[in-house]
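Source file coords03.txt; content: compact mmCIF, C-alpha atoms.
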# COMPACT_ATOMS: atom_id res chain seq x y z
CA GLY A 1 31.17 13.49 9.64
CA GLY A 2 32.99 11.69 12.44
CA THR A 3 36.39 10.83 13.88
CA VAL A 4 38.62 8.15 12.35
CA LEU A 5 40.73 6.62 15.11
CA PRO A 6 44.35 5.63 14.56
CA GLY A 7 44.59 2.16 13.04
CA SER A 8 47.25 -0.12 11.66
CA VAL A 9 48.11 -1.30 8.13
CA ARG A 10 50.49 -4.12 7.17
CA ILE A 11 50.50 -5.14 3.49
CA ALA A 12 52.92 -7.06 1.26
CA GLY A 13 52.79 -8.24 -2.34
CA LYS A 14 54.23 -8.26 -5.86
CA ALA A 15 53.39 -6.36 -9.01
CA ALA A 16 52.50 -9.56 -10.88
CA THR A 17 50.20 -11.07 -8.26
CA GLY A 18 48.93 -8.05 -6.35
CA VAL A 19 48.66 -7.84 -2.57
CA THR A 20 49.30 -11.27 -1.01
CA SER A 21 49.49 -10.76 2.76
CA GLY A 22 48.78 -8.26 5.46
CA GLN A 23 46.15 -6.82 7.76
CA ALA A 24 44.51 -3.45 8.29
CA THR A 25 42.25 -2.17 11.09
CA PHE A 26 39.83 0.75 10.92
CA ALA A 27 37.67 2.50 13.53
CA LEU A 28 35.15 5.36 13.42
CA ARG A 29 33.59 7.17 16.34
CA HIS A 30 31.08 10.04 16.75
CA GLY A 31 29.87 9.67 13.18
CA ARG A 32 26.89 11.66 11.91
CA LEU A 33 24.58 11.05 8.96
CA GLY A 34 22.30 13.73 7.50
CA LYS A 35 20.40 14.65 4.37
CA GLY A 36 19.00 17.98 3.22
CA GLY A 37 19.69 19.70 6.51
CA ARG A 38 18.02 16.93 8.55
CA MET A 39 20.06 14.83 10.95
CA LEU A 40 19.29 11.14 10.35
CA ALA A 41 21.67 9.49 12.84
CA GLU A 42 24.29 10.52 15.39
CA ALA A 43 26.92 8.82 17.56
CA ILE A 44 27.65 6.32 14.78
CA ALA A 45 30.58 3.97 15.41
CA ALA A 46 32.27 1.34 13.24
CA ASP A 47 35.07 -1.19 13.64
CA ALA A 48 36.55 -3.24 10.78
CA VAL A 49 39.47 -5.56 10.05
CA LEU A 50 40.75 -6.42 6.57
CA ALA A 51 42.88 -9.58 6.58
CA ARG A 52 44.32 -12.18 4.20
CA GLU A 53 42.20 -15.36 3.83
CA SER A 54 42.64 -18.60 1.91
CA THR A 55 40.76 -17.40 -1.19
CA GLY A 56 41.75 -13.76 -1.11
CA TRP A 57 40.91 -11.04 1.37
CA GLY A 58 38.13 -10.68 3.85
CA LEU A 59 36.64 -7.65 5.57
CA ARG A 60 34.83 -8.14 8.86
CA GLY A 61 33.31 -5.33 10.83
CA ARG A 62 30.34 -3.84 12.61
CA VAL A 63 28.42 -0.56 12.48
CA PHE A 64 26.58 0.50 15.63
CA GLN A 65 25.68 3.50 17.76
CA GLN A 66 27.24 4.54 21.03
CA GLY A 67 24.33 5.02 23.40
CA LYS A 68 20.83 6.23 22.62
CA THR A 69 20.15 9.40 20.66
CA ALA A 70 16.92 11.42 20.69
CA GLY A 71 15.25 13.18 17.79
CA THR A 72 16.98 11.28 14.96
CA LEU A 73 15.33 9.05 12.37
CA LEU A 74 17.77 6.11 12.45
CA ASP A 75 18.99 3.95 15.30
CA LEU A 76 21.70 1.59 13.99
CA THR A 77 21.44 -1.07 16.68
CA ASN A 78 23.79 -3.66 15.16
CA ILE A 79 24.90 -4.00 11.54
CA PRO A 80 27.55 -6.71 10.94
CA VAL A 81 29.46 -6.21 7.67
CA THR A 82 31.52 -8.78 5.77
CA ALA A 83 33.07 -8.58 2.31
CA ALA A 84 35.32 -10.71 0.12
CA PHE A 85 38.06 -9.43 -2.22
CA PRO A 86 40.56 -11.06 -4.59
CA ASN A 87 44.23 -10.16 -4.28
CA ARG A 88 43.73 -6.92 -6.24
CA LEU A 89 41.15 -5.80 -3.65
CA ARG A 90 38.18 -5.43 -5.98
CA PRO A 91 35.06 -6.47 -3.98
CA ILE A 92 33.33 -9.65 -5.24
CA LYS A 93 30.86 -10.19 -2.38
CA ALA A 94 29.39 -8.21 0.52
CA ASP A 95 27.00 -9.20 3.32
CA LEU A 96 24.96 -7.42 5.95
CA SER A 97 23.93 -10.47 7.93
CA SER A 98 21.40 -10.51 10.76
CA PHE A 99 21.41 -6.73 11.10
CA SER A 100 19.01 -4.81 13.32
CA ALA A 101 18.02 -1.14 13.35
CA ARG A 102 15.16 1.21 14.15
CA ILE A 103 13.59 3.71 11.77
CA ASN A 104 11.67 6.38 13.66
CA GLY A 105 11.23 3.90 16.50
CA ILE A 106 10.09 1.04 14.24
CA PRO A 107 12.33 -2.05 14.58
CA VAL A 108 13.72 -3.59 11.37
CA LYS A 109 15.98 -6.62 10.97
CA GLY A 110 17.18 -8.75 8.09
CA ASP A 111 19.98 -9.75 5.73
CA VAL A 112 21.41 -8.27 2.52
CA THR A 113 23.89 -10.03 0.18
CA TYR A 114 25.56 -8.66 -2.94
CA GLN A 115 27.58 -10.95 -5.26
CA VAL A 116 29.13 -9.31 -8.29
CA ALA A 117 29.25 -12.44 -10.48
CA ALA A 118 25.71 -13.69 -9.73
CA PRO A 119 23.01 -13.37 -12.45
CA VAL A 120 20.92 -11.46 -9.91
CA PRO A 121 23.54 -9.83 -7.68
CA LEU A 122 21.37 -8.57 -4.82
CA THR A 123 19.26 -10.68 -2.45
CA TYR A 124 17.59 -9.36 0.69
CA ARG A 125 15.30 -10.19 3.60
CA LEU A 126 13.68 -7.45 5.66
CA GLU A 127 11.54 -8.18 8.69
CA LEU A 128 9.31 -5.92 10.74
CA PRO A 129 8.86 -7.89 13.96
CA GLU A 130 5.53 -7.61 15.73
CA VAL A 131 5.32 -4.01 16.92
CA PRO A 132 2.54 -2.02 18.64
CA LEU A 133 0.34 -0.41 16.00
CA ALA A 134 0.50 2.89 17.86
CA VAL A 135 4.23 3.08 16.99
CA LEU A 136 3.44 2.78 13.27
CA ILE A 137 0.63 5.33 13.47
CA ARG A 138 3.15 7.94 14.68
CA SER A 139 5.01 7.60 11.36
CA PHE A 140 1.99 6.92 9.13
CA PRO A 141 -1.00 8.75 10.65
CA VAL A 142 -4.50 8.03 9.35
CA LYS A 143 -7.00 10.87 9.62
CA ASN A 144 -9.77 10.30 12.22
CA LEU A 145 -8.18 7.00 13.36
CA VAL A 146 -7.27 6.56 17.04
CA VAL A 147 -5.61 3.27 17.99
CA ALA A 148 -5.83 1.97 21.55
CA LYS A 149 -4.53 -1.56 20.96
CA GLY A 150 -3.14 -3.78 18.22
CA SER A 151 0.07 -4.92 16.57
CA ALA A 152 1.63 -5.01 13.11
CA SER A 153 4.22 -7.20 11.41
CA ALA A 154 5.65 -7.46 7.89
CA SER A 155 8.34 -9.16 5.83
CA VAL A 156 9.90 -8.60 2.42
CA ARG A 157 12.08 -11.15 0.62
CA GLY A 158 13.46 -10.56 -2.82
CA SER A 159 16.29 -10.00 -5.24
CA GLY A 160 17.38 -7.49 -7.84
CA LEU A 161 20.01 -5.77 -9.93
CA SER A 162 22.25 -2.96 -8.83
CA HIS A 163 20.67 -0.40 -11.18
CA GLY A 164 17.20 -0.26 -9.62
CA GLU A 165 15.36 -3.42 -10.66
CA PHE A 166 13.86 -5.49 -7.86
CA ARG A 167 11.28 -8.17 -7.31
CA GLY A 168 10.11 -9.93 -4.18
CA ASP A 169 7.34 -11.19 -1.93
CA VAL A 170 5.62 -9.04 0.68
CA ILE A 171 3.58 -10.18 3.68
CA ALA A 172 1.96 -7.74 6.12
CA ARG A 173 -0.49 -8.21 8.97
CA LEU A 174 -2.42 -6.23 11.58
CA SER A 175 -3.71 -8.16 14.61
CA ASN A 176 -6.20 -7.53 17.42
CA VAL A 177 -6.82 -3.89 16.57
CA GLN A 178 -9.02 -1.77 18.84
CA GLY A 179 -9.73 1.93 18.62
CA THR A 180 -12.06 4.47 17.05
CA TYR A 181 -12.55 5.87 13.56
CA GLY A 182 -14.45 9.11 13.23
CA GLY A 183 -15.46 8.76 16.88
CA LYS A 184 -17.02 5.30 16.34
CA LYS A 185 -15.65 2.13 17.89
CA LEU A 186 -13.54 -0.06 15.61
CA ALA A 187 -12.14 -3.55 16.21
CA LEU A 188 -10.42 -6.02 13.91
CA VAL A 189 -9.04 -9.46 14.72
CA ASN A 190 -6.96 -9.82 11.56
CA LEU A 191 -6.06 -7.84 8.43
CA SER A 192 -3.46 -9.46 6.19
CA THR A 193 -2.08 -9.08 2.69
CA ARG A 194 0.33 -11.07 0.52
CA ALA A 195 1.81 -9.79 -2.72
CA ALA A 196 4.44 -10.43 -5.35
CA ALA A 197 5.91 -7.04 -6.26
CA SER A 198 8.51 -5.67 -8.65
CA PHE A 199 10.17 -2.39 -9.57
CA SER A 200 11.64 -1.85 -13.04
CA THR A 201 12.34 1.21 -15.24
CA GLY A 202 10.75 3.42 -12.60
CA LYS A 203 7.48 1.47 -12.47
CA ILE A 204 5.97 -0.55 -9.63
CA ALA A 205 3.92 -3.70 -10.30
CA ALA A 206 2.19 -5.96 -7.76
CA THR A 207 -0.22 -8.89 -7.61
CA GLY A 208 -1.70 -10.05 -4.35
CA SER A 209 -4.68 -10.48 -2.04
CA LEU A 210 -6.13 -8.90 1.08
CA LYS A 211 -8.32 -10.41 3.79
CA ALA A 212 -9.94 -8.87 6.86
CA ASP A 213 -12.01 -10.79 9.40
CA GLY A 214 -13.34 -10.50 12.92
CA GLY A 215 -14.18 -6.84 12.36
CA LEU A 216 -16.62 -4.66 14.25
CA PHE A 217 -17.46 -1.03 13.39
CA ASP A 218 -20.05 0.98 15.31
CA GLY A 219 -21.52 -2.28 16.60
CA LYS A 220 -21.79 -3.88 13.14
CA LYS A 221 -19.83 -6.97 12.10
CA LEU A 222 -17.32 -6.53 9.25
CA ALA A 223 -15.38 -8.85 6.92
CA ALA A 224 -13.76 -8.34 3.52
CA SER A 225 -11.51 -10.03 0.97
CA PHE A 226 -10.35 -9.37 -2.60
CA ALA A 227 -7.44 -9.89 -4.99
CA TYR A 228 -5.59 -6.93 -6.48
CA ARG A 229 -3.22 -6.14 -9.32
CA LEU A 230 -1.15 -3.04 -10.12
CA VAL A 231 0.37 -2.80 -13.60
CA ASP A 232 1.40 0.35 -15.52
CA GLY A 233 -0.45 2.62 -13.11
CA LEU A 234 -3.73 0.68 -13.40
CA VAL A 235 -5.23 -0.85 -10.24
CA THR A 236 -7.62 -3.81 -10.65
CA LEU A 237 -9.58 -5.46 -7.84
CA ASN A 238 -11.03 -8.94 -8.47
CA GLY A 239 -13.30 -11.38 -6.66
CA GLY A 240 -14.32 -9.02 -3.89
CA ASP A 241 -16.49 -10.04 -0.94
CA PHE A 242 -17.58 -7.50 1.68
CA ALA A 243 -20.01 -8.06 4.54
CA MET A 244 -21.39 -5.59 7.08
CA ASP A 245 -24.03 -6.99 9.38
CA ARG A 246 -26.96 -8.04 7.12
CA THR A 247 -25.52 -6.38 4.00
CA ARG A 248 -23.26 -8.29 1.63
CA ILE A 249 -21.49 -6.94 -1.47
CA ASN A 250 -19.62 -9.01 -4.05
CA PHE A 251 -17.93 -7.87 -7.23
CA THR A 252 -16.21 -9.47 -10.19
CA GLU A 253 -13.92 -6.58 -11.10
CA ILE A 254 -13.29 -2.92 -10.33
CA SER A 255 -10.48 -1.11 -12.14
CA GLY A 256 -9.11 2.40 -12.44
CA ALA A 257 -5.94 4.36 -13.11
CA ILE A 258 -4.02 5.83 -10.17
CA PRO A 259 -4.92 9.53 -10.38
CA LYS A 260 -2.23 12.15 -10.90
CA LYS A 261 -2.91 15.63 -9.58
CA ILE A 262 -3.33 18.43 -12.13
CA SER A 263 -2.83 21.96 -10.80
CA ALA A 264 -3.61 25.21 -12.64
CA ALA A 265 -4.90 28.74 -11.92
CA GLY A 266 -6.21 28.39 -8.39
CA GLU A 267 -7.66 24.89 -8.72
CA SER A 268 -6.51 21.29 -8.58
CA LYS A 269 -7.97 18.29 -10.37
CA PHE A 270 -7.77 14.53 -9.83
CA PRO A 271 -8.94 12.41 -12.78
CA ILE A 272 -11.20 9.52 -11.71
CA ASN A 273 -11.69 6.80 -14.31
CA LEU A 274 -13.42 3.68 -13.01
CA ARG A 275 -14.85 0.55 -14.60
CA PHE A 276 -16.85 -1.98 -12.57
CA SER A 277 -18.71 -5.19 -13.33
CA GLY A 278 -20.45 -8.08 -11.62
CA ILE A 279 -21.42 -6.12 -8.51
CA CYS A 280 -24.04 -7.80 -6.35
CA CYS A 281 -25.43 -6.04 -3.29
CA ARG A 282 -27.90 -7.81 -1.03
CA GLN A 283 -29.55 -7.18 2.30
CA ASP A 284 -31.43 -10.28 3.34
CA GLU A 285 -33.46 -11.23 0.21
CA SER A 286 -33.45 -7.82 -1.48
CA GLY A 287 -30.86 -6.12 -3.67
CA VAL A 288 -29.23 -5.83 -7.07
CA ASP A 289 -27.27 -8.43 -9.07
CA ASN A 290 -24.60 -8.10 -11.79
CA LEU A 291 -24.48 -4.31 -11.74
CA PHE A 292 -21.91 -2.80 -14.14
CA GLY A 293 -20.88 0.65 -15.36
CA ASN A 294 -18.22 3.34 -15.54
CA LEU A 295 -17.27 6.79 -14.25
CA ASN A 296 -15.12 9.30 -16.15
CA ALA A 297 -14.76 12.44 -14.07
CA MET A 298 -12.54 15.02 -12.43
CA LEU A 299 -12.53 15.75 -8.70
CA VAL A 300 -12.08 19.52 -8.75
CA THR A 301 -11.00 21.58 -5.73
CA ASP A 302 -11.02 25.39 -5.83
CA ALA A 303 -11.98 28.35 -3.64
CA GLY A 304 -15.62 27.30 -3.86
CA GLY A 305 -15.03 23.80 -2.47
CA ARG A 306 -14.99 20.33 -4.06
CA ARG A 307 -17.08 18.90 -6.86
CA LEU A 308 -17.17 16.19 -9.51
CA GLU A 309 -17.24 17.03 -13.20
CA GLY A 310 -17.75 14.33 -15.81
CA ASP A 311 -20.15 11.58 -16.79
CA GLY A 312 -20.94 7.96 -16.12
CA ALA A 313 -23.36 5.11 -16.63
CA VAL A 314 -24.73 2.33 -14.42
CA THR A 315 -26.80 -0.70 -15.44
CA ALA A 316 -28.60 -2.96 -12.98
CA PRO A 317 -29.92 -5.90 -15.03
CA SER A 318 -31.54 -7.68 -12.08
CA LEU A 319 -33.40 -6.13 -9.13
CA THR A 320 -34.79 -8.31 -6.35
CA TYR A 321 -37.17 -7.52 -3.50
CA LYS A 322 -37.96 -10.08 -0.80
CA GLY A 323 -36.66 -12.85 -3.04
CA LYS A 324 -38.78 -11.82 -6.06
CA GLY A 325 -37.42 -10.36 -9.29
CA VAL A 326 -38.86 -6.87 -9.81
CA GLY A 327 -37.07 -5.63 -12.94
CA SER A 328 -33.99 -3.84 -14.25
CA LEU A 329 -32.65 -0.28 -14.54
CA ALA A 330 -30.13 1.67 -16.60
CA ALA A 331 -28.94 5.19 -15.74
CA ARG A 332 -26.70 7.83 -17.28
CA PHE A 333 -25.56 11.03 -15.58
CA VAL A 334 -23.59 14.18 -16.39
CA LEU A 335 -22.01 16.42 -13.73
CA ALA A 336 -20.70 19.97 -14.23
CA LYS A 337 -20.01 23.01 -12.06
CA GLY A 338 -23.23 23.95 -10.27
CA LYS A 339 -25.40 21.48 -12.14
CA GLY A 340 -26.03 17.88 -12.99
CA ASN A 341 -28.58 15.72 -14.71
CA ALA A 342 -29.45 12.04 -14.77
CA THR A 343 -31.78 9.88 -16.84
CA VAL A 344 -33.08 6.46 -15.83
CA THR A 345 -34.92 3.86 -17.90
CA GLY A 346 -35.97 0.33 -17.09
CA LYS A 347 -38.54 -2.33 -16.47
CA VAL A 348 -40.18 -2.49 -13.04
CA LEU A 349 -42.95 -4.97 -12.10
CA GLY A 350 -43.65 -5.55 -15.78
CA GLY A 351 -44.05 -1.83 -16.52
CA ASP A 352 -41.88 0.76 -18.25
CA LEU A 353 -40.00 3.26 -16.10
CA THR A 354 -38.54 6.58 -17.28
CA ALA A 355 -37.17 9.20 -14.92
CA SER A 356 -34.94 12.26 -14.97
CA ALA A 357 -33.42 14.63 -12.42
CA ASN A 358 -31.69 18.02 -12.61
CA GLY A 359 -29.83 20.04 -9.99
CA ASP A 360 -26.55 20.43 -8.14
CA PRO A 361 -25.81 17.18 -6.25
CA PHE A 362 -23.17 18.98 -4.15
CA ALA A 363 -25.51 21.72 -2.91
CA ALA A 364 -28.60 20.05 -1.46
CA GLN A 365 -30.06 23.39 -0.36
CA ARG A 366 -30.44 24.55 -3.97
CA ALA A 367 -33.55 23.80 -5.96
CA ALA A 368 -33.66 20.46 -7.79
CA SER A 369 -36.30 18.92 -10.01
CA PHE A 370 -37.19 15.40 -11.05
CA THR A 371 -39.84 13.48 -12.96
CA VAL A 372 -40.84 9.82 -12.75
CA ASN A 373 -43.12 7.93 -15.11
CA LEU A 374 -44.11 4.31 -14.58
CA ALA A 375 -46.60 2.79 -16.97
CA GLY A 376 -48.00 -0.70 -17.51
CA VAL A 377 -47.32 -2.15 -14.06
CA GLN A 378 -48.86 -5.60 -13.77
CA GLY A 379 -51.07 -6.16 -10.76
CA ALA A 380 -49.83 -9.72 -10.31
CA GLY A 381 -46.24 -8.52 -10.10
CA LEU A 382 -47.16 -5.87 -7.56
CA THR A 383 -49.00 -8.42 -5.44
CA ASP A 384 -45.98 -10.77 -5.42
CA VAL A 385 -43.76 -8.25 -3.66
CA LEU A 386 -46.28 -6.90 -1.17

Let me see the structure of the file written as structure tokens.
Amino acid sequence: GGTVLPGSVRIAGKAATGVTSGQATFALRHGRLGKGGRMLAEAIAADAVLARESTGWGLRGRVFQQGKTAGTLLDLTNIPVTAAFPNRLRPIKADLSSFSARINGIPVKGDVTYQVAAPVPLTYRLELPEVPLAVLIRSFPVKNLVVAKGSASASVRGSGLSHGEFRGDVIARLSNVQGTYGGKKLALVNLSTRAAASFSTGKIAATGSLKADGGLFDGKKLAASFAYRLVDGLVTLNGGDFAMDRTRINFTEISGAIPKKISAAGESKFPINLRFSGICCRQDESGVDNLFGNLNAMLVTDAGGRRLEGDGAVTAPSLTYKGKGVGSLAARFVLAKGKGNATVTGKVLGGDLTASANGDPFAAQRAASFTVNLAGVQGAGLTDVL
């Protein structure tokens, strides 16, 4: 709603050529914008002039807000509007140039251009200038995270069609973060991501990378980097490198479908389907190399709590202890409500290992059983690692 102020209109023309001269002025005051019973913006104002130009008609105007409003989502700081029309007043181009606004206190600025005759009609640039991270956390809270210091910035540049197909480049960064997570001190000098993203036929796709450095969590140094890809609901991480103090983890690939919640008869389920390969985990000179495997399970939540149901397999072809190779392992496991079992086979120090375990992994207080058999261990191999 709002109030349209008295304006003026002066137009002249002919039937054969359309409108050829004239000018019109428009003004709006006390405008309101809402959706679904929620007030998004109040005190909206707009001024515009439509006038004859050399190549047709031009509209020039501005949308803004009269004073500050509290409790609304949008603050339309300054939105210049221009548009071009031929003599028959059908729009052929529109611009929102160098606009600025705030969404729930978060500043946004940019440009939007729409040209009817262009192969890709819509082009846009959106910028999130450097803003205190605490402002973002108010809109996007993270459980157990308390931010005392830090800033965030982002930009999106792209193009698209009018019927919901877009593609563009995204850059986002967090800087000099300090706070706590789960009551433990957290600090991060830099966390940044770059991605090429698209939206078409209702599907999102993205390819990019993420890097974090200068991190500290509970007194331990942190750093991480990996590439990522999202296509047809499948997320794939590649070339990962994670370090925490003396522990370092690398991986070639980890992939899995984005889970979709399944609800029925007092319980909810999230399918978890993961594939991983080339995982290397080392602490000093000990660890595992080239680990690979899979997990096909459901995360089930009901009145009794949470549990995993499904099966998986893990193979560790190379185990190292103090720089010496000590063998390899392969494991399979099955999880069900109130029970689970796992079997392990492998070669350790030249001997044959077989092991099994049974019990409920989500109820440690309940009885569990296991057996381990190791035969044929070579004394020389044992001596090498002691």

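Residues with any atom within 6 Å of segment 331-346 of chain A, counting only C-alpha atoms and excluding same-chain neighbours fewer than 5 positions away, are Glu309, Gly310, Asp311, Gly312, Ala313, Val314, Leu353, Thr354, Ala355, Ser356, Ala357, Asn358, Gly359 and Asp360 of chain A.
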
> Taking (15.6, 1.3, 9.6) in the file's coordinates as the center, which residues reach within 10 Å of it, counting only C-alpha atoms, put as an MDAnalysis selection string?
Replying inline: chainID A and resid 73:77 100:109 126 128

>> At a cut-off of 8 Å, using all atoms listed in the file, what residues contact Glu127 of chain A? Leave out same-chain residues fewer than 6 positions from it and give the result as a ChimeraX atom specification.
In response: /A:108-110,153-156

>> What's the separation between atom CA of Ala223 of chain A and atom CA of Asp241 of chain A, in Å to one decimal place?
In response: 8.0 Å

>> Need to verify the contact set: segment 19-27 of chain A, 8 Å, only C-alpha atoms, exclusion of same-chain residues closer than 6 positions in sequence. Can you return it as a PyMOL selection string?
In response: chain A and resi 4-13+45-52+56+87-89

Could you save the residues just selected, with C-alpha atoms, as a PDB file, keeping the file's coordinate frame?
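Result file again_21.pdb:
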ATOM      1  CA  VAL A   4      38.620   8.150  12.350  1.00  0.00           C
ATOM      2  CA  LEU A   5      40.730   6.620  15.110  1.00  0.00           C
ATOM      3  CA  PRO A   6      44.350   5.630  14.560  1.00  0.00           C
ATOM      4  CA  GLY A   7      44.590   2.160  13.040  1.00  0.00           C
ATOM      5  CA  SER A   8      47.250  -0.120  11.660  1.00  0.00           C
ATOM      6  CA  VAL A   9      48.110  -1.300   8.130  1.00  0.00           C
ATOM      7  CA  ARG A  10      50.490  -4.120   7.170  1.00  0.00           C
ATOM      8  CA  ILE A  11      50.500  -5.140   3.490  1.00  0.00           C
ATOM      9  CA  ALA A  12      52.920  -7.060   1.260  1.00  0.00           C
ATOM     10  CA  GLY A  13      52.790  -8.240  -2.340  1.00  0.00           C
ATOM     11  CA  ALA A  45      30.580   3.970  15.410  1.00  0.00           C
ATOM     12  CA  ALA A  46      32.270   1.340  13.240  1.00  0.00           C
ATOM     13  CA  ASP A  47      35.070  -1.190  13.640  1.00  0.00           C
ATOM     14  CA  ALA A  48      36.550  -3.240  10.780  1.00  0.00           C
ATOM     15  CA  VAL A  49      39.470  -5.560  10.050  1.00  0.00           C
ATOM     16  CA  LEU A  50      40.750  -6.420   6.570  1.00  0.00           C
ATOM     17  CA  ALA A  51      42.880  -9.580   6.580  1.00  0.00           C
ATOM     18  CA  ARG A  52      44.320 -12.180   4.200  1.00  0.00           C
ATOM     19  CA  GLY A  56      41.750 -13.760  -1.110  1.00  0.00           C
ATOM     20  CA  ASN A  87      44.230 -10.160  -4.280  1.00  0.00           C
ATOM     21  CA  ARG A  88      43.730  -6.920  -6.240  1.00  0.00           C
ATOM     22  CA  LEU A  89      41.150  -5.800  -3.650  1.00  0.00           C
TER      23      LEU A  89
END

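Here atom CA of Val288 of chain A and atom CA of Asn238 of chain A stand 18.5 Å from one another.
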
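The residue that comes closest to Gly2 of chain A, out of A:Ile44, A:Leu222, A:Val231, A:Ala134 and on the basis of only C-alpha atoms, is A:Ile44.
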
> If you count only C-alpha atoms, which residues fall within 9 Å of Arg246 of chain A, apart from same-chain ones fewer than 6 positions away, as number ranges by chain?
Replying inline: A: 220-221, 282-284

Shell of 8 Å around Thr3 of chain A, only C-alpha atoms, local chain residues under 4 positions omitted, as a short mmCIF file (atom, residue, chain, number, x, y, z; two decimals) with C-alpha atoms, in the frame of the given file:
data_model
loop_
_atom_site.label_atom_id
_atom_site.label_comp_id
_atom_site.auth_asym_id
_atom_site.auth_seq_id
_atom_site.Cartn_x
_atom_site.Cartn_y
_atom_site.Cartn_z
CA LEU A 28 35.15 5.36 13.42
CA ARG A 29 33.59 7.17 16.34
CA HIS A 30 31.08 10.04 16.75
CA GLY A 31 29.87 9.67 13.18
#

>> Under the rule that all atoms listed in the file are counted, which of A:Phe242, A:Phe199, A:Tyr181, A:Phe292 is the nearest residue to Glu165 of chain A?
In response: A:Phe199

> Of the candidates A:Arg38, A:Arg32, A:Lys185, A:Arg275, which shows the shortest atom-to-atom distance to Thr252 of chain A, using only C-alpha atoms?
Replying inline: A:Arg275

> Looking at A:Leu186, A:Leu161, A:Leu191, A:Val348, which one is nearest to Phe217 of chain A, with distances taken over all atoms listed in the file?
Replying inline: A:Leu186

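In this structure, atom CA of Gly376 of chain A sits 6.7 Å away from atom CA of Gly350 of chain A.
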
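Residue nearest Gly233 of chain A, chosen from A:Asp218, A:Lys322, A:Gly202, A:Leu210 and counting all atoms listed in the file: A:Gly202.
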